[in-house]
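Have a look at the structure below, then the notes.
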Amino acid sequence: MTGKSQLGDFLQARRSQLRPEDVGVPTYGERRRVPGLRREELALLAGVSASYYTRLEQGQSLSASPEVLDAIAGALRLDDSERRYLHDLVRADRHRTQGRRPAPERVTEATSQLLDVLADVPAIVLGLRSDVLAWNRLGHALFAGHLDRGAPDLAGQRPNMARLVFLDCHTRDLYADWPSKARAVVGNLRVVVAQHPQDTALHALLGELSARSAEFSSMWADHRVKECSVASYEMRHPLIGPLTVVQQTMSHGPGPHTVVATTEAGSPSRAALSLLAQTITQDTAVAGPARRGRRAGTA
């Protein structure tokens with residue numbers, strides 16, 4: 001999964017998804033042997049030579065200027081996220097280095113304080129590769145109550161949200177529109193891998209998901225790119241039933257980012273979250289004496 005092959009695959013995939021009639025290219029009723037636009041048609045729309053575009057799609061030209069890339073992005077009708085992704089792929093090619101072992105990811109004291117403040121809001125802290133670095137009690141109960149709450153503290157056993165969405169049946173059942181959530185995960189991973197092309201752990205995760213999930217493999221091959229910082233999801237929680245949450249990503253720079261789930265004031269979803277908070281508070285209150293009793297019995 002090199003940056004060079006990603007660039008060519010991305011351009012080819014997006015070109016094949018454009019129909020001639022979508023961009024005003026006449027076909028004169030001819031039978032076409034390739035889906036979407038031909039290379040020379042895309043080059044004409046972008047205002048570059050067909051040979052130059054062909055070299056770029058084959059990963060043989062790393063000198064494309066930002067202006068040329070923007071012209072190609074315009075011809076492909078890329079949105080802002082996809083345009084940035086295209087620039088990131090070319091930039092990665094120019095500065096290619098040997099794959100690096102990733103540095104350990106940790107939660108800062110400031111982020112820990114933020115989780116404490118957000119006690120009444122489900123919140124989780126995700127690393128670069130969607131590893132769960134921390135969560136508050138409500139975040140754990142909403143997103144992964146079937147897992148050990150202390151799992152994020154074990155570096156080698158941290159839950160990974162991308163892995164959970166595609167490989168964990170509990171998480172899959174949690175989302176009423178699972179394909180929408182899955183596409184958001186894939187789109188975000190596309191953005192991350194273009195920005196960190198030498199991250200060996202990230203490529204290992206992509207390889208694992210491709211091998212174990214045909215749905216991931218299919219979505220990854222579609223080359224859709226999406227920075228999903230705010231999205232609404234209908235959830236079907238096993239304890240509190242259906243609710244609709246807005247998942248928002250609070251990010252400050254390249255480090256870990258915090259994802260919170262909010263609900264509309266006065267809505268049934270807000271009431272459901274309050275019920276979940278009460279449930280886990282009661283469970284904690286019951287578990288506390290039970291643990292103390294077990295310790296006393298072994299004394």
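Residue numbering restarts at 1 for every chain of the structure tokens, chains are lettered A, B, ... in their displayed order, and ligands are numbered from 1 as they appear.
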Item to check | Residue neighbourhood region 270-285 of chain A, 9 Å, only C-alpha atoms, exclusion window fewer than 2 positions, as a VMD selection string | outcome: chain A and resid 120 to 122 137 to 138 141 to 142 239 to 245 262 to 268 287 to 289
Okay, now the selection with N, CA, C and O atoms, as a CSV table (one decimal), in the first residue's frame?
chain,number,residue,atom,x,y,z
A,120,ASP,N,-21.2,14.0,32.1
A,120,ASP,CA,-22.6,13.8,31.6
A,120,ASP,C,-22.7,13.6,30.1
A,120,ASP,O,-23.9,13.6,29.6
A,121,VAL,N,-21.6,13.6,29.4
A,121,VAL,CA,-21.7,13.4,28.0
A,121,VAL,C,-20.8,12.3,27.6
A,121,VAL,O,-19.6,12.2,28.0
A,122,PRO,N,-21.3,11.3,26.8
A,122,PRO,CA,-20.4,10.2,26.3
A,122,PRO,C,-19.2,10.8,25.5
A,122,PRO,O,-19.4,11.5,24.6
A,137,ARG,N,-17.1,7.1,31.7
A,137,ARG,CA,-18.0,6.0,32.0
A,137,ARG,C,-19.1,6.0,31.0
A,137,ARG,O,-19.5,4.9,30.6
A,138,LEU,N,-19.7,7.2,30.7
A,138,LEU,CA,-20.8,7.2,29.8
A,138,LEU,C,-20.4,6.8,28.3
A,138,LEU,O,-21.1,6.2,27.6
A,141,ALA,N,-20.1,3.1,28.2
A,141,ALA,CA,-21.4,2.5,28.3
A,141,ALA,C,-22.2,2.6,26.9
A,141,ALA,O,-22.9,1.7,26.5
A,142,LEU,N,-22.0,3.8,26.3
A,142,LEU,CA,-22.7,4.0,25.0
A,142,LEU,C,-22.1,3.2,23.8
A,142,LEU,O,-22.8,2.5,23.1
A,239,LEU,N,-29.4,-1.6,26.1
A,239,LEU,CA,-29.9,-1.2,27.5
A,239,LEU,C,-31.0,-0.2,27.4
A,239,LEU,O,-32.0,-0.3,28.2
A,240,ILE,N,-30.9,0.8,26.6
A,240,ILE,CA,-31.8,1.9,26.6
A,240,ILE,C,-32.6,2.1,25.3
A,240,ILE,O,-33.4,3.0,25.2
A,241,GLY,N,-32.4,1.2,24.3
A,241,GLY,CA,-33.2,1.2,23.1
A,241,GLY,C,-32.7,2.2,22.1
A,241,GLY,O,-31.6,2.7,22.1
A,242,PRO,N,-33.6,2.7,21.2
A,242,PRO,CA,-33.2,3.6,20.1
A,242,PRO,C,-32.9,5.0,20.6
A,242,PRO,O,-33.6,5.5,21.5
A,243,LEU,N,-32.0,5.6,20.0
A,243,LEU,CA,-31.7,7.0,20.3
A,243,LEU,C,-30.9,7.6,19.1
A,243,LEU,O,-30.2,6.8,18.4
A,244,THR,N,-31.0,8.9,18.9
A,244,THR,CA,-30.2,9.6,17.9
A,244,THR,C,-29.2,10.5,18.5
A,244,THR,O,-29.5,11.3,19.4
A,245,VAL,N,-27.9,10.3,18.1
A,245,VAL,CA,-26.9,11.1,18.7
A,245,VAL,C,-26.1,11.8,17.6
A,245,VAL,O,-26.1,11.4,16.4
A,262,THR,N,-23.7,13.9,21.5
A,262,THR,CA,-24.7,14.8,22.1
A,262,THR,C,-26.1,14.5,21.6
A,262,THR,O,-26.3,13.9,20.5
A,263,THR,N,-27.1,14.9,22.3
A,263,THR,CA,-28.5,14.7,21.9
A,263,THR,C,-29.3,16.0,22.0
A,263,THR,O,-28.9,16.9,22.7
A,264,GLU,N,-30.4,16.1,21.4
A,264,GLU,CA,-31.2,17.3,21.4
A,264,GLU,C,-31.9,17.4,22.7
A,264,GLU,O,-32.4,16.5,23.3
A,265,ALA,N,-31.8,18.7,23.2
A,265,ALA,CA,-32.5,19.0,24.5
A,265,ALA,C,-34.0,18.6,24.5
A,265,ALA,O,-34.7,19.0,23.5
A,266,GLY,N,-34.4,18.0,25.5
A,266,GLY,CA,-35.8,17.7,25.6
A,266,GLY,C,-36.3,16.5,24.8
A,266,GLY,O,-37.5,16.2,24.7
A,267,SER,N,-35.4,15.9,24.1
A,267,SER,CA,-35.8,14.8,23.2
A,267,SER,C,-35.8,13.4,23.9
A,267,SER,O,-35.2,13.3,24.9
A,268,PRO,N,-36.5,12.4,23.3
A,268,PRO,CA,-36.4,11.1,23.8
A,268,PRO,C,-35.0,10.6,23.9
A,268,PRO,O,-34.7,9.8,24.8
A,287,ALA,N,-22.0,-2.7,42.6
A,287,ALA,CA,-20.7,-3.5,42.5
A,287,ALA,C,-19.7,-3.1,43.6
A,287,ALA,O,-18.9,-3.9,44.0
A,288,GLY,N,-19.8,-1.9,44.1
A,288,GLY,CA,-18.8,-1.4,45.1
A,288,GLY,C,-18.9,-2.3,46.3
A,288,GLY,O,-17.9,-2.9,46.8
A,289,PRO,N,-20.1,-2.4,47.0
A,289,PRO,CA,-20.2,-3.2,48.2
A,289,PRO,C,-19.9,-4.7,47.9
A,289,PRO,O,-19.3,-5.4,48.8
Next on the checklist: Need to verify the contact set: Met250 (chain A), 12 Å, only C-alpha atoms, exclusion of same-chain residues closer than 5 positions in sequence. Can you return it as JSON, numbers by chain?
Outcome noted: {"A": [111, 114, 123, 124, 125, 126, 228, 229, 230, 255, 256, 257, 258, 259, 260, 261]}
Checklist entry - How many Å lie between CA of Gln6 (chain A) and CA of Asp88 (chain A), rounded to one decimal? => result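 For CA of Gln6 (chain A) relative to CA of Asp88 (chain A), the distance reads 10.8 Å.
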Checklist entry - Can you tell me how far CA of Asp222 (chain A) sits from CA of Leu7 (chain A), in Å to one decimal? => result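 CA of Leu7 (chain A) lies at a distance of 13.1 Å from CA of Asp222 (chain A).
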Next on the checklist: According to DSSP computed on the backbone, where in region 101-266 of chain A is there helix (DSSP H, G or I)? Give the residues as number ranges by chain.
Outcome noted: A: 109-117, 137-144, 151-153, 155-157, 161-167, 169-174, 178-195, 200-212, 214-221
Item to check | strand (DSSP E or B) positions in region 9-137 of chain A, given as number ranges by chain | outcome: A: 100, 123-126, 131-135
Checklist entry - Nearest to Gly145 (chain A) among A:Phe216, A:Leu56, A:Leu76, A:Pro238, with distances taken over only C-alpha atoms: which residue is it? => result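 Ranking A:Phe216, A:Leu56, A:Leu76, A:Pro238 by distance to Gly145 (chain A), first place goes to A:Pro238.
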Checklist entry - For Met235 (chain A), which residue out of A:Glu57, A:Glu105, A:Asp173, A:Asp131 is the nearest one, using only C-alpha atoms? => result A:Asp173
Checklist entry - Excluding same-chain residues fewer than 2 positions from Pro104 (chain A), what lies within 12 Å of it counting only C-alpha atoms, as an MDAnalysis selection string? => result chainID A and resid 101:102 106:107 127:129 131 133 154:156 201 255:256
Checklist entry - Quick one: distance from CA of Pro20 (chain A) to CA of Gly36 (chain A) in Å, one decimal? => result 6.5 Å
Checklist entry - Between A:Arg190, A:Arg38, A:Lys181, A:His203, which is the closest to Ser232 (chain A) once you count only C-alpha atoms? => result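 The answer is A:Lys181, which sits nearest to Ser232 (chain A).
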Next on the checklist: Let me make sure I understand: among A:Gly150, A:Gly47, A:Pro35, A:Gly139, which one has the smallest atom-to-atom distance to Val68 (chain A) if we use only C-alpha atoms?
Outcome noted: A:Gly47
